[in-house]
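Colleague: Sending over upload12.txt (compact mmCIF, C-alpha atoms).
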# COMPACT_ATOMS: atom_id res chain seq x y z
CA MET A 1 -50.20 62.81 -12.32
CA ASP A 2 -50.40 60.26 -15.08
CA ALA A 3 -48.77 56.88 -15.21
CA ILE A 4 -45.94 57.99 -17.51
CA GLY A 5 -45.03 60.79 -15.14
CA GLN A 6 -44.94 58.35 -12.23
CA ALA A 7 -42.73 55.94 -14.13
CA THR A 8 -40.34 58.71 -15.15
CA GLN A 9 -40.06 59.88 -11.56
CA PHE A 10 -39.42 56.34 -10.35
CA ALA A 11 -36.73 55.82 -12.96
CA GLN A 12 -35.14 59.14 -11.95
CA THR A 13 -35.03 58.10 -8.30
CA ALA A 14 -33.56 54.71 -9.14
CA MET A 15 -30.87 56.34 -11.30
CA ASP A 16 -30.00 58.77 -8.49
CA MET A 17 -29.60 55.89 -6.05
CA ALA A 18 -27.47 53.91 -8.48
CA ASN A 19 -25.23 56.93 -9.04
CA ARG A 20 -24.85 57.49 -5.32
CA VAL A 21 -23.92 53.85 -4.77
CA ALA A 22 -21.43 53.97 -7.64
CA ARG A 23 -19.82 57.12 -6.23
CA GLN A 24 -19.60 55.62 -2.77
CA GLN A 25 -18.10 52.47 -4.20
CA ALA A 26 -15.49 54.45 -6.12
CA GLU A 27 -14.51 56.35 -2.98
CA ASP A 28 -14.30 53.42 -0.61
CA PRO A 29 -15.55 50.00 -1.67
CA SER A 30 -15.52 48.61 1.84
CA THR A 31 -18.32 50.93 3.01
CA LEU A 32 -20.80 48.85 1.05
CA ILE A 33 -20.07 45.71 3.04
CA PRO A 34 -21.84 45.53 6.39
CA GLN A 35 -19.49 45.96 9.32
CA ASP A 36 -20.30 42.60 10.94
CA LEU A 37 -19.56 40.77 7.67
CA GLN A 38 -16.22 42.57 7.47
CA ASP A 39 -15.43 41.59 11.04
CA GLN A 40 -16.20 37.97 10.29
CA ALA A 41 -14.04 38.01 7.18
CA ALA A 42 -11.19 39.49 9.17
CA GLN A 43 -11.63 36.82 11.83
CA ILE A 44 -11.63 34.01 9.29
CA GLN A 45 -8.59 35.42 7.56
CA GLU A 46 -6.80 35.87 10.85
CA ARG A 47 -7.58 32.32 11.87
CA PHE A 48 -6.38 30.77 8.64
CA THR A 49 -3.25 32.85 8.31
CA ALA A 50 -2.22 32.28 11.91
CA ASP A 51 0.91 30.20 12.27
CA THR A 52 1.37 26.85 13.98
CA THR A 53 0.26 27.87 17.46
CA PRO A 54 -2.78 25.81 18.46
CA ILE A 55 -6.02 27.75 18.55
CA PRO A 56 -8.04 27.35 21.73
CA ILE A 57 -11.59 26.22 21.05
CA THR A 58 -13.10 28.70 23.47
CA GLU A 59 -11.85 31.78 21.62
CA THR A 60 -13.83 31.48 18.43
CA GLY A 61 -14.84 35.10 18.22
CA ASN A 62 -17.80 37.04 19.54
CA ALA A 63 -20.11 35.66 16.86
CA GLY A 64 -20.43 32.50 18.94
CA SER A 65 -22.23 30.77 16.12
CA ALA A 66 -22.18 27.00 15.94
CA PHE A 67 -20.47 27.09 12.57
CA SER A 68 -17.53 29.23 13.61
CA GLN A 69 -17.11 27.02 16.66
CA MET A 70 -17.11 23.97 14.44
CA VAL A 71 -14.48 25.44 12.15
CA GLY A 72 -12.43 26.45 15.16
CA LYS A 73 -12.63 22.90 16.50
CA LEU A 74 -11.57 21.51 13.13
CA VAL A 75 -8.50 23.73 13.11
CA ALA A 76 -7.71 22.79 16.70
CA ASP A 77 -8.08 19.07 15.88
CA VAL A 78 -5.73 19.38 12.93
CA SER A 79 -3.27 21.20 15.14
CA VAL A 80 -3.47 18.43 17.75
CA LYS A 81 -2.81 15.81 15.06
CA GLN A 82 0.24 17.72 13.85
CA THR A 83 1.53 17.93 17.41
CA GLU A 84 0.94 14.21 17.94
CA ALA A 85 2.85 13.39 14.76
CA GLY A 86 5.70 15.61 15.86
CA GLN A 87 5.82 13.93 19.27
CA ALA A 88 5.76 10.47 17.70
CA TRP A 89 8.69 11.31 15.43
CA GLN A 90 10.54 12.80 18.36
CA GLY A 91 9.91 9.56 20.26
CA VAL A 92 11.30 7.52 17.36
CA LEU A 93 14.36 9.65 16.77
CA SER A 94 15.31 10.04 20.41
CA GLY A 95 15.05 6.31 21.03
CA GLN A 96 12.11 6.30 23.41
CA GLY A 97 10.87 3.04 21.95
CA VAL A 98 8.07 4.46 19.81
CA PRO A 99 7.61 2.06 16.87
CA LEU A 100 8.39 3.50 13.48
CA HIS A 101 5.03 2.68 11.92
CA GLN A 102 3.22 4.63 14.63
CA ALA A 103 5.09 7.81 13.71
CA VAL A 104 4.50 7.30 10.00
CA ILE A 105 0.78 6.65 10.55
CA ALA A 106 0.52 9.72 12.77
CA SER A 107 2.15 11.78 10.01
CA GLU A 108 -0.23 10.38 7.43
CA GLU A 109 -3.25 11.18 9.57
CA ALA A 110 -1.94 14.68 10.16
CA ALA A 111 -1.40 15.15 6.43
CA VAL A 112 -4.89 13.93 5.52
CA SER A 113 -6.60 16.05 8.17
CA PHE A 114 -4.61 19.09 7.06
CA GLN A 115 -5.75 18.42 3.52
CA LEU A 116 -9.34 18.26 4.79
CA MET A 117 -8.88 21.61 6.51
CA VAL A 118 -7.49 23.17 3.35
CA GLU A 119 -10.46 21.84 1.36
CA VAL A 120 -12.89 23.32 3.89
CA ARG A 121 -11.06 26.63 3.69
CA ASN A 122 -11.21 26.56 -0.10
CA LYS A 123 -14.96 25.93 0.01
CA LEU A 124 -15.43 28.75 2.51
CA MET A 125 -13.43 31.19 0.42
CA GLU A 126 -15.31 30.13 -2.68
CA SER A 127 -18.68 30.84 -1.10
CA PHE A 128 -17.38 34.09 0.39
CA GLN A 129 -16.22 35.26 -3.00
CA GLU A 130 -19.53 34.20 -4.49
CA LEU A 131 -21.21 36.45 -1.94
CA MET A 132 -18.86 39.31 -2.77
CA ARG A 133 -19.71 38.96 -6.45
CA MET A 134 -23.36 39.64 -5.60
CA GLN A 135 -22.41 43.24 -4.80
CA ALA A 136 -21.17 43.98 -8.29
CA MET B 1 -11.13 13.14 17.45
CA MET B 2 -11.91 12.65 13.81
CA ARG B 3 -10.83 9.47 12.05
CA LEU B 4 -10.13 10.16 8.42
CA VAL B 5 -8.02 7.17 7.41
CA PRO B 6 -10.21 4.04 7.58
CA GLY B 7 -8.83 1.29 9.76
CA ALA B 8 -5.74 3.19 10.79
CA ASP B 9 -5.84 2.10 14.43
CA THR B 10 -6.56 -1.54 13.69
CA THR B 11 -3.82 -1.65 11.07
CA ALA B 12 -1.42 0.01 13.47
CA SER B 13 -2.09 -2.69 16.07
CA ALA B 14 -1.53 -5.41 13.47
CA LEU B 15 1.73 -3.81 12.36
CA ASN B 16 2.86 -3.70 15.96
CA ALA B 17 1.95 -7.38 16.42
CA GLU B 18 3.95 -8.37 13.33
CA ARG B 19 6.86 -6.35 14.59
CA ILE B 20 6.80 -8.24 17.89
CA LYS B 21 6.61 -11.51 15.98
CA LEU B 22 9.68 -10.62 13.94
CA GLU B 23 11.46 -9.68 17.13
CA ALA B 24 10.71 -13.10 18.62
CA ILE B 25 11.87 -14.85 15.45
CA SER B 26 15.16 -12.99 15.39
CA GLN B 27 15.59 -13.82 19.03
CA ASN B 28 15.08 -17.50 18.20
CA ILE B 29 17.61 -17.37 15.37
CA ALA B 30 20.12 -15.51 17.52
CA ASN B 31 19.80 -18.09 20.29
CA ALA B 32 19.72 -21.13 18.02
CA ASN B 33 22.94 -22.51 19.51
CA VAL B 34 22.60 -21.41 23.12
CA THR B 35 22.93 -24.44 25.38
CA ASP B 36 22.90 -22.58 28.68
CA ALA B 37 20.03 -20.16 28.95
CA PRO B 38 19.09 -18.25 32.10
CA GLY B 39 17.29 -20.70 34.38
CA GLY B 40 19.35 -23.64 33.22
CA GLY B 41 19.06 -25.91 30.21
CA PRO B 42 19.11 -24.93 26.56
CA TYR B 43 17.30 -21.95 25.10
CA GLN B 44 13.63 -22.59 24.46
CA ARG B 45 12.15 -21.05 21.38
CA LYS B 46 9.67 -18.19 21.71
CA GLU B 47 6.42 -18.45 19.87
CA VAL B 48 4.10 -15.54 19.13
CA VAL B 49 0.35 -16.03 19.03
CA PHE B 50 -2.06 -13.32 17.96
CA GLU B 51 -5.13 -12.38 19.94
CA SER B 52 -8.05 -10.23 18.91
CA ILE B 53 -9.14 -7.55 21.34
CA ILE B 54 -12.10 -5.24 21.04
CA ASN B 55 -10.90 -1.71 21.26
CA GLU B 56 -13.64 0.16 23.12
CA ALA B 57 -12.15 3.56 22.36
CA ILE B 58 -12.39 2.98 18.62
CA SER B 59 -15.78 1.23 18.69
CA SER B 60 -17.42 4.15 20.45
CA GLY B 61 -15.84 6.69 18.13
CA SER B 62 -16.37 5.13 14.74
CA GLY B 63 -20.12 4.64 14.85
CA ASN B 64 -20.18 2.91 11.49
CA GLY B 65 -21.53 -0.42 12.75
CA VAL B 66 -18.18 -2.15 12.43
CA ASN B 67 -16.74 -3.34 15.69
CA PRO B 68 -13.02 -2.93 15.13
CA SER B 69 -10.94 -5.55 16.82
CA SER B 70 -7.28 -4.83 17.29
CA VAL B 71 -4.57 -7.44 17.18
CA LYS B 72 -2.45 -8.16 20.18
CA ALA B 73 0.69 -10.28 20.08
CA LYS B 74 1.37 -12.64 22.94
CA ILE B 75 4.77 -14.23 23.40
CA THR B 76 4.75 -17.78 24.69
CA THR B 77 7.62 -20.16 25.31
CA ASP B 78 7.56 -23.45 23.47
CA SER B 79 8.62 -25.96 26.13
CA ASN B 80 6.72 -28.96 24.78
CA ASN B 81 9.27 -30.00 22.20
CA ASP B 82 12.83 -30.84 23.03
CA GLY B 83 15.69 -30.05 20.71
CA PRO B 84 18.09 -32.62 19.40
CA GLN B 85 20.77 -34.16 21.56
CA ILE B 86 24.22 -34.26 20.07
CA TYR B 87 27.11 -36.33 21.29
CA ASP B 88 29.98 -34.04 22.24
CA PRO B 89 31.82 -35.12 25.42
CA GLU B 90 34.24 -32.18 25.17
CA HIS B 91 31.41 -29.67 25.43
CA PRO B 92 31.25 -27.82 28.78
CA HIS B 93 27.47 -28.36 28.93
CA ALA B 94 27.58 -32.07 28.13
CA ASP B 95 25.89 -34.41 30.57
CA ASP B 96 27.48 -37.46 32.12
CA ALA B 97 26.80 -39.58 29.03
CA GLY B 98 28.46 -36.95 26.84
CA TYR B 99 25.30 -35.62 25.24
CA VAL B 100 24.49 -31.92 24.82
CA GLN B 101 20.87 -30.84 24.76
CA MET B 102 20.46 -28.30 21.92
CA PRO B 103 17.73 -25.64 21.74
CA ASN B 104 14.46 -26.62 20.07
CA VAL B 105 14.95 -23.98 17.38
CA ASN B 106 14.61 -25.18 13.82
CA ILE B 107 16.34 -22.58 11.71
CA HIS B 108 14.46 -23.49 8.52
CA GLU B 109 11.17 -23.12 10.29
CA GLU B 110 12.23 -19.75 11.63
CA MET B 111 13.19 -18.55 8.15
CA VAL B 112 9.76 -19.52 6.83
CA ASN B 113 8.07 -17.78 9.76
CA MET B 114 10.16 -14.70 9.06
CA ILE B 115 8.97 -14.57 5.47
CA LEU B 116 5.39 -15.03 6.66
CA ALA B 117 5.71 -12.20 9.18
CA SER B 118 7.26 -9.96 6.58
CA ARG B 119 4.48 -10.70 4.09
CA SER B 120 1.77 -10.06 6.68
CA TYR B 121 3.45 -6.77 7.52
CA GLU B 122 3.42 -5.91 3.84
CA ALA B 123 -0.30 -6.73 3.59
CA ASN B 124 -1.08 -4.43 6.51
CA LEU B 125 1.02 -1.67 4.98
CA ALA B 126 -1.00 -2.06 1.79
CA ALA B 127 -4.24 -1.73 3.79
CA MET B 128 -2.87 1.45 5.34
CA LYS B 129 -1.83 2.81 1.98
CA TYR B 130 -5.20 2.22 0.38
CA GLY B 131 -6.99 3.66 3.40
CA ARG B 132 -5.02 6.83 2.98
CA ARG B 133 -5.66 6.82 -0.74
CA MET B 134 -9.41 6.49 -0.17
CA ALA B 135 -9.39 9.47 2.17
CA THR B 136 -7.42 11.58 -0.29
CA GLN B 137 -9.67 10.60 -3.17
CA THR B 138 -12.74 11.50 -1.16
CA LEU B 139 -11.29 14.93 -0.47
CA SER B 140 -10.67 15.44 -4.16
CA ILE B 141 -14.44 15.29 -4.88
CA GLY B 142 -14.66 19.00 -4.18
CA ARG B 143 -11.95 19.89 -6.63
Could you render the structure as structure tokens?

Modeller:
Amino acid sequence: MDAIGQATQFAQTAMDMANRVARQQAEDPSTLIPQDLQDQAAQIQERFTADTTPIPITETGNAGSAFSQMVGKLVADVSVKQTEAGQAWQGVLSGQGVPLHQAVIASEEAAVSFQLMVEVRNKLMESFQELMRMQA
Amino acid sequence: MMRLVPGADTTASALNAERIKLEAISQNIANANVTDAPGGGPYQRKEVVFESIINEAISSGSGNGVNPSSVKAKITTDSNNDGPQIYDPEHPHADDAGYVQMPNVNIHEEMVNMILASRSYEANLAAMKYGRRMATQTLSIGR
């Protein structure tokens, strides 16, 4: 077989594969994403959409990677700061002798750390979406 | 625990110290005419001195080479100076010669100290405010 024949066959195979992928994508886009990546995305989403209940550091998913643990710890820290601020305000308002400035400073720290968490989330989502765009 | 606002703990201790100082000053003003304090004799003015303490908890956590020293207020009683004696034989607390020993509180001095305490408080609040602003600005790098 000559070189042109080989090239034609190769192009044919590549086109077939591309068509198959396109069909699969049209049927169900999620099948293209590896299952473990999907699981991780679901975990991240679950963690960030969860309400105010503090997240225990030990339950950071089966991935067990250092990064997910770190993110989990960040969220837990922010949660602790929010709780501290709430307790300080409660102490001020119920007359337990907590100085006013302590409550305000606790609130400020909670606000700044929450902002940090949101920024980290934004960066994560940005990189995740960048990864998703590689598929297209 | 992460520390995002620079100097928050130190500033908080300073704010607390200034608060205690203002409390002592208002106590002095309130008792400026008390001639019979607990323990006998006229009221003796309270003086607040500030002490610097090394906060081990913060020094170990910050790790930025700065050794943060917190401020601690210490209340002392000024018993060295006596207040004025006024002649008032009708007064229940007058001595045999008819003199009443007044507290050693100088109300003008207390007013000046009050302004000083208030201004120091303001300065610490400004430090807090700019610390917070620095943290927020740093976070806005990513935006």

Colleague: For chain A, list the residues within 9 Å of chain B, counting all atoms listed in the file, and write the list as a PyMOL selection string.

Modeller: chain A and resi 74+77+99+101-102+105+108-109+112-113+115-116+119+123

Colleague: Can you spit out the residues from that selection as an mmCIF file, in the frame of the given file, using C-alpha atoms?

Modeller:
data_model
loop_
_atom_site.group_PDB
_atom_site.id
_atom_site.type_symbol
_atom_site.label_atom_id
_atom_site.label_comp_id
_atom_site.auth_asym_id
_atom_site.auth_seq_id
_atom_site.Cartn_x
_atom_site.Cartn_y
_atom_site.Cartn_z
ATOM 1 C CA LEU A 74 -11.570 21.510 13.130
ATOM 2 C CA ASP A 77 -8.080 19.070 15.880
ATOM 3 C CA PRO A 99 7.610 2.060 16.870
ATOM 4 C CA HIS A 101 5.030 2.680 11.920
ATOM 5 C CA GLN A 102 3.220 4.630 14.630
ATOM 6 C CA ILE A 105 0.780 6.650 10.550
ATOM 7 C CA GLU A 108 -0.230 10.380 7.430
ATOM 8 C CA GLU A 109 -3.250 11.180 9.570
ATOM 9 C CA VAL A 112 -4.890 13.930 5.520
ATOM 10 C CA SER A 113 -6.600 16.050 8.170
ATOM 11 C CA GLN A 115 -5.750 18.420 3.520
ATOM 12 C CA LEU A 116 -9.340 18.260 4.790
ATOM 13 C CA GLU A 119 -10.460 21.840 1.360
ATOM 14 C CA LYS A 123 -14.960 25.930 0.010
#

Colleague: Point out the residue among A:Ala106, A:Ser79, A:Gln40, A:Gln12 with the least atom-to-atom distance to A:Phe67, counting only C-alpha atoms.

Modeller: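 Answer, going by the shortest atom-to-atom distance: A:Gln40.
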
Colleague: Calculate how many Å separate atom CA of B:Asn104 from atom CA of B:Glu18, rounding to one decimal.

Modeller: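 These two atoms are separated by 22.1 Å.
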
Colleague: Separation of atom CA of B:Asp78 and atom CA of B:Lys46, in Å?

Modeller: 5.9 Å

Colleague: For atom CA of B:Lys74 and atom CA of B:Ser52, determine how far apart the two atoms are, in Å to one decimal place.

Modeller: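 Atom-to-atom, atom CA of B:Lys74 to atom CA of B:Ser52, that is 10.5 Å.
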